[in-house]
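All remarks here apply to the structure that follows.
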Amino acid sequence: MSVNPRWLGLAASVLLATSGFLAGKPVPHDGPWLLGVIVWFVALAMLIRAWWTLRDATDQRGLLVTAALWSVPLLVAPPLGSHDIYAYACQGQLFDAGFDLYEVGPAALPCTWLSDVPELWRETPTPYGPLWIAMEGAAAWLAHGSLPAAVLLLRLAAVLGLVLCVAAVHRLSRGNALLAASPLVLVHVVSGAHNDVVLAGLVLAGFVAARRPGFAAAAASGLAFGLAVAVKVTALGAVPFALLLVFFAGTTRARWTSTLTFGVTIGATYALLAVLTGHGLGFLHALGSTSTMVQWLSIPTGVGMAVGYVLRVLGHPESFATAVAVARAVGLLALAVILLGLWWRTATTLASLKRAAHPGGAPINSGSATGPEPGDSVTTGRDATADRATASSATGGMTGGDAADGVTGGAADGGATGRRAQDVVLTAAGCGMLAAAVLGPVFYAWYAIAGIALLAGTTLTGRLRTVVLVAAAGLPLLTLPDSLGLATKTKVPGAFLDVALVTAAAVHLVRRRRRSAPPPAAHSTQGTPAVSGPATD
């Protein structure tokens, strides 16, 4: 007998909430805690089953109703999978008391709810930007000393960020509402209230604005990105890709001024918030606060751990920390190469799409009928044909989109550069954000929220869609309801799993390069190349 997935998911959500009441505290590990952990995994299995059953549903409104229904039980339960929300509340108390959050941690006040804050954050300055600090302060002030009220207010902020994500994704792709009901969103956004979703909503809003030509659109996009950076500095990873949309959306004469407007607005927005809150760039020295955590979910860290374990066996235990540090440095270098490669590929693809769709040199916008302007390049028919081939080859592998999508978008699309170009940019930005998450020194499940949200703004298809769905379903399994990370209990096997993954990826890339290499040039048996003469029709 089949069960309606909507009601199965609701039952799973109720069980998840129950597990929070049973095992939401890290101590004591008694009978109720063990029961709560069992309920947690049973509930997650049910939720994943229900959600996966809906993966081919096309009723976007129905999926959003399902997401709202599944969220209700979690809004009244203790935070699941992470206790960072308690740190948010305490940081808000410190802000209200006039402390510099870039200098002290919650223990400096001390915070009213200090015992609920994870030990990592009790003495640690905040790594967040001025906008999020102000939001924390507002939640703590409105709570008037009530921790449940502070948690509810911070969850409200996260839900508003999720609503902004949904609205922006609807404008960008008209689909992918399924992700709003994913286990990752329910556990780490609705319940855990991680600020990554606020960042994601603002970044997506910035991309929505960046599609349109003109200074106003560039300024609106810059404002959204400035606010996102003022939540968490990792939003900067998406800025270069949005800049490409802004650049290619306008005419030749306007694109540089629009790009400048975009960048200046980002800086001005952050500077204004820094002045208003008294918190500017001090977060920079707090960014490494979590790097003291050594866990294999970060691929470079895991590889470094594996090397360190081998060195321990060989009699050099003191080299473990060095191995991890070197591996992390290599990971950051690899990340820089990946981001640069994604950006360059996206830039060249957009240029090819522009030339292919506008061989006469008209700007990429939805309403140009006046022909080329002075300074616009003029592309010949032969060049345009070559550019179409280049654009099709470059974008097909990234988006899996239909070649009929074209470059330009009508006003109804809201697309200044069109759905095809938009998908190319958002796919690259989303993959870049995910790469930054897994190649950074530390990885937590909620770090993937921003990258997945950006990919939700594309026409997700094929293998990339499968990877996104698997991640959105499986990442909550990495923690227990009391925030204990399972990676801390599986260090050795996890580290060597990372080595296996890196090895497999390297082998795959080598084989792919060999397959894509052009065949060796054929040589004439006479020793000289054949020369074709003129046609004699």
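In the structure tokens, chains take the letters A, B, ... in the order shown, each chain's residues start at 1, and ligands count up from 1 in the order shown.
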Do you know which residues are at most 12 Å from Ala347 of chain A counting only C-alpha atoms, after dropping those on the same chain fewer than 6 positions away, and could you put them as a PyMOL selection string?
chain A and resi 240-248+340-341+353-354+391+394-395+421-422+424-425+428-429
Could you go through segment 215-303 of chain A and tell me which residues DSSP, when run on the backbone, assigns to helix (DSSP H, G or I), listing them as a count of residues only?
74
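Candidate residues A:His188, A:His194, A:Arg49, A:Arg255 were compared for distance to Ser71 of chain A, and the nearest is A:His188, using only C-alpha atoms.
Nearest residue to Pro130 of chain A, choosing from A:Leu47, A:Leu460, A:Leu8, A:Ala228 and counting only C-alpha atoms: A:Ala228.
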Just want the 8 Å neighbourhood of Thr277 of chain A, counted on only C-alpha atoms, with same-chain residues fewer than 2 positions away dropped. Output as a CSV table (one decimal) with C-alpha atoms, in the first residue's frame.
chain,number,residue,atom,x,y,z
A,130,PRO,CA,27.5,44.0,10.2
A,134,ALA,CA,22.5,44.0,13.7
A,273,LEU,CA,26.3,49.3,7.5
A,274,ALA,CA,29.8,49.2,9.1
A,275,VAL,CA,29.4,52.9,10.2
A,279,HIS,CA,31.5,46.8,13.0
Where does segment 60-142 of chain A meet segment 160-179 of chain A within 8 Å, residue by residue, with the nearest atom pair and distance in Å to one decimal for each, counting only C-alpha atoms, listed by chain and rising number, as a tab-separated table?
residue	atom	partner	partner_atom	distance
A:Gln60	CA	A:Ala177	CA	5.6
A:Arg61	CA	A:Ala177	CA	7.8
A:Leu63	CA	A:Leu178	CA	5.8
A:Leu64	CA	A:Ala177	CA	6.2
Next, dump the selected residues to file, keeping only C-alpha atoms, as a compact mmCIF listing (two decimals), in the first residue's frame.
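And here is the file that came out, result15.txt:
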# COMPACT_ATOMS: atom_id res chain seq x y z
CA GLN A 60 5.53 24.14 -8.04
CA ARG A 61 2.82 25.68 -5.85
CA LEU A 63 5.60 21.65 -3.57
CA LEU A 64 5.79 24.96 -1.71
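Taking atom CA of Trp51 of chain A and atom CA of Ala473 of chain A as the two end points, the separation is 8.0 Å.
Each of A:Gly201, A:Gly494, A:Pro125, A:Pro110 was checked against Ala157 of chain A using only C-alpha atoms; the smallest atom-to-atom distance is that of A:Gly201.
Distance-wise, atom CA of Val198 of chain A and atom CA of Ala158 of chain A end up 6.1 Å apart.
Among the candidate residues A:Gly214, A:Gly250, A:Gly129, A:Gly462, the one lying nearest to Lys232 of chain A is A:Gly129, with distances computed using only C-alpha atoms.
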Compile a residue-level contact table for segment 131-238 of chain A against segment 74-94 of chain A at a cut-off of 6 Å, reporting for every qualifying residue the shortest atom pair and its distance in Å to one decimal, with only C-alpha atoms counted, rows ordered by chain and ascending number, as a tab-separated table.
residue	atom	partner	partner_atom	distance
A:Glu136	CA	A:Gly92	CA	4.2
A:Gly137	CA	A:Gly92	CA	3.7
A:Ala140	CA	A:Gly92	CA	5.2
A:Ser191	CA	A:Pro79	CA	5.1
A:Gly192	CA	A:Pro79	CA	5.2
Include N, CA and C atoms and write out the residues we just selected as a PDB file, in the first residue's frame.
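So selection-v1.pdb came out as:
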ATOM      1  N   GLU A 136      21.036  39.987  14.723  1.00  0.00           N
ATOM      2  CA  GLU A 136      21.165  39.271  15.996  1.00  0.00           C
ATOM      3  C   GLU A 136      20.797  40.183  17.166  1.00  0.00           C
ATOM      4  N   GLY A 137      21.297  41.422  17.106  1.00  0.00           N
ATOM      5  CA  GLY A 137      20.998  42.365  18.176  1.00  0.00           C
ATOM      6  C   GLY A 137      19.511  42.657  18.266  1.00  0.00           C
ATOM      7  N   ALA A 140      17.790  39.626  19.932  1.00  0.00           N
ATOM      8  CA  ALA A 140      18.042  39.560  21.371  1.00  0.00           C
ATOM      9  C   ALA A 140      17.287  40.662  22.117  1.00  0.00           C
ATOM     10  N   SER A 191      14.782  24.737  11.090  1.00  0.00           N
ATOM     11  CA  SER A 191      15.078  24.401  12.483  1.00  0.00           C
ATOM     12  C   SER A 191      16.351  25.093  12.976  1.00  0.00           C
ATOM     13  N   GLY A 192      17.446  24.954  12.231  1.00  0.00           N
ATOM     14  CA  GLY A 192      18.733  25.488  12.678  1.00  0.00           C
ATOM     15  C   GLY A 192      18.924  26.965  12.446  1.00  0.00           C
TER      16      GLY A 192
END
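For the residues A:Thr234, A:Ser182, A:Thr466, A:Thr269, ranking by smallest atom-to-atom distance to Met433 of chain A using only C-alpha atoms places A:Thr234 first.
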Could you check the closest approach to Arg155 of chain A for each of A:Phe443, A:Val208, A:Asn195, A:Glu123 and tell me which residue wins, using only C-alpha atoms?
A:Asn195
What is the atom CA of Leu454 of chain A-atom CA of Leu131 of chain A distance in Å, reported with one decimal?
21.1 Å
